[in-house]
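Accompanying notes for the structure given below.
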Amino acid sequence: MNLLDGKVCAQFYKDQIKAEAEQLTAHRGRKPHLAVILVGENPASQSYVRSKVRNCALVGFESTLIEYPASISETELLSKIQEINLNEAIDGLLVQLPLPKHINEFKVLESIDHRKDVDGFHPINAGRMNLGLPSLLPATPYGILLLLSYYKIETAGKHCVVIGRSNIVGNPMSRLLSRNTNPGNCTVTQCHSKTQNIRDICQSADILIAAIGKAEFVDDSFIKQGAVIIDVGINRIDDASLAKGYKLVGDVHFHKASPKASYITPVPGGVGLMTIVGLLKNTLAAAKKEIYS
Ligand code: GUN
């Protein structure tokens with residue numbers, strides 16, 4: 001079993017991003033600048049956002065964190081987004097999800113200028129991705145593609161099973177791995193919570209991507225000997241013996257699954273770190289106007 005080490009891989013890409021950011025900053029006299037909007041006090045969201053802001057500083061980006069209480073109105077949020085859309089000193093904007101129930105998530109995502117949409121969730125970016133056109137890509141699937149590239153994992157012709165159908169991970173991941181690109185050219189089967197015989201389907205996977213949000217759902221009985229296992233889950237499990245009061249586990253039972261895997265991502269220290277890389281690469285691309293001029 002080989003570990004797909006998100007820490008080592010993320011550092012490799014962050015060194016590249018930092019060097020490119022320095023060049024761009026010298027050229028145009030301004031750092032790449034990411035704005036992050038956080039609504040409410042979801043502890044996981046707070047932790048992700050802190051990590052995004054911290055990583056911006058590490059690669060020489062500027063960042064602005066805008067925090068609102070969960071009671072903010074949709075109108076007020078939309079007007080802030082409009083203000084950022086028009087602010088030429090800001091290159092990228094993301095609104096951390098999930099949003100409180102009284103706010104229409106699709107309306108919010110659609111209101112972001114697609115050229116600044118570093119999460120790749122705007123219908124223009126999602127649509128272009130589905131058509132195989134250049135676009136800003138959702139950060140987690142993008143990070144997974146970068147991880148597969150870094151470790152030179154062969155994907156062409158392989159059977160890839162994706163568990164999950166979210167617009168953040170499962171749907172774009174399935175699409176990206178089906179494309180005629182490298183990584184890509186997989187035969188993709190997409191499973192979800194209503195799939196029958198999910199274990200049997202997973203057993204035929206050369207590459208298994210678990211993004212279902214259920215702690216340790218995938219164990220050794222799901223896995224073909226030698227499969228590549230990508231664990232997208234980050235689940236908090238109560239553990240009073242730890243200072244934090246919880247531990248993080250993936251959607252894969254690491255200790256049961258790893259003996260059968262040829263490669264596997266740990267949680268934490270795997271895909272989560274690569275999501276940040278995807279976001280940073282999108283922010284740099286937006287700052288450089290690489291996709292939309
Ligand atoms: N919530 C869970 N994953 C993500 C993500 O990639 N971006 C945003 N904005 N919110 C999320």
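Following the order of the structure tokens, chains are lettered A, B, ..., residues in each are numbered from 1, and ligands are numbered from 1.
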
Write out as a PyMOL selection string the residues lying within 10 Å of Val59 of chain A, counting only C-alpha atoms and excluding same-chain residues fewer than 6 positions away. chain A and resi 14-22+32+280

Taking the backbone alone, and naming residues the way the document does, which bits of segment 132-250 of chain A are helix (DSSP H, G or I) by DSSP, as a ChimeraX atom specification? /A:139-150,170-178,198-203,220-222

Which residues sit within 6 Å of ligand 1, counting only C-alpha atoms and all ligand atoms, listed as a VMD selection string? chain A and resid 94 to 98 119 139 to 140

Those same residues - C-alpha atoms - I'd like them written as a PDB file, in the first residue's frame.
ATOM      1  CA  LEU A  94     -16.202  32.191  -2.723  1.00  0.00           C
ATOM      2  CA  VAL A  95     -19.189  31.838  -0.457  1.00  0.00           C
ATOM      3  CA  GLN A  96     -18.661  28.970   1.970  1.00  0.00           C
ATOM      4  CA  LEU A  97     -21.441  26.377   1.861  1.00  0.00           C
ATOM      5  CA  PRO A  98     -23.793  25.315   3.335  1.00  0.00           C
ATOM      6  CA  ASP A 119     -15.258  27.444  -6.553  1.00  0.00           C
ATOM      7  CA  ALA A 139     -11.782  22.818  -6.061  1.00  0.00           C
ATOM      8  CA  THR A 140     -12.084  19.291  -4.639  1.00  0.00           C
TER       9      THR A 140
END

If you count only C-alpha atoms, which residues fall within 8 Å of segment 146-150 of chain A, apart from same-chain ones fewer than 4 positions away, as a ChimeraX atom specification? /A:4,6,9,142,154,183,274

Just-selected residues, N, CA, C and O atoms written as a tab-separated table (two decimals), in the first residue's frame:
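Ended up saving to out31.tsv:
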chain	number	residue	atom	x	y	z
A	4	LEU	N	-1.20	8.19	-0.67
A	4	LEU	CA	-1.29	9.40	-1.50
A	4	LEU	C	-1.27	10.56	-0.51
A	4	LEU	O	-2.29	10.90	0.08
A	6	GLY	N	-1.35	13.94	0.84
A	6	GLY	CA	-1.82	15.28	0.46
A	6	GLY	C	-0.88	16.37	0.92
A	6	GLY	O	-0.79	17.42	0.28
A	9	CYS	N	2.14	16.45	-1.60
A	9	CYS	CA	1.67	16.85	-2.91
A	9	CYS	C	1.21	18.31	-2.91
A	9	CYS	O	1.55	19.09	-3.81
A	142	TYR	N	-10.83	19.14	-8.73
A	142	TYR	CA	-9.60	19.67	-9.34
A	142	TYR	C	-8.38	19.20	-8.54
A	142	TYR	O	-7.40	18.69	-9.11
A	154	GLU	N	-2.22	5.96	-13.44
A	154	GLU	CA	-2.82	5.74	-14.77
A	154	GLU	C	-4.35	5.71	-14.63
A	154	GLU	O	-4.87	4.94	-13.80
A	183	PRO	N	-5.37	13.58	-16.31
A	183	PRO	CA	-6.13	12.37	-15.99
A	183	PRO	C	-7.54	12.42	-16.62
A	183	PRO	O	-8.07	13.48	-16.83
A	274	MET	N	-5.68	19.00	-0.76
A	274	MET	CA	-5.68	19.21	-2.22
A	274	MET	C	-6.81	20.15	-2.66
A	274	MET	O	-6.70	20.83	-3.67

Determine the nearest neighbour of Gly278 of chain A from the options A:Gly127, A:Pro172, A:Gly245, A:Gly120, counting only C-alpha atoms. A:Gly120

Which residues in segment 79-233 of chain A does DSSP call strand (DSSP E)? List them as JSON, numbers by chain. {"A": [92, 93, 94, 95, 159, 160, 161, 162, 163, 187, 188, 189, 190, 191, 207, 208, 209, 210, 227, 228, 229, 230, 231]}

Would you mind telling me which residue in A:Cys186, A:Leu133, A:Ile209, A:Val39 lies nearest to Ala156 of chain A when using only C-alpha atoms? A:Cys186

If you count only C-alpha atoms, which residues fall within 8 Å of segment 41-57 of chain A, apart from same-chain ones fewer than 4 positions away, as number ranges by chain? A: 34, 36, 61-65, 69-70, 96-97, 276, 280

Which residues, written as a ChimeraX atom specification, have at least one atom at most 6 Å from Gly226 of chain A, with only C-alpha atoms counted and residues fewer than 4 positions away on the same chain left out? /A:260-262

Please determine, counting only C-alpha atoms, which residue among A:Leu284, A:Leu248, A:Val162, A:Leu208 has the shortest atom-to-atom distance to Ile264 of chain A. A:Leu208
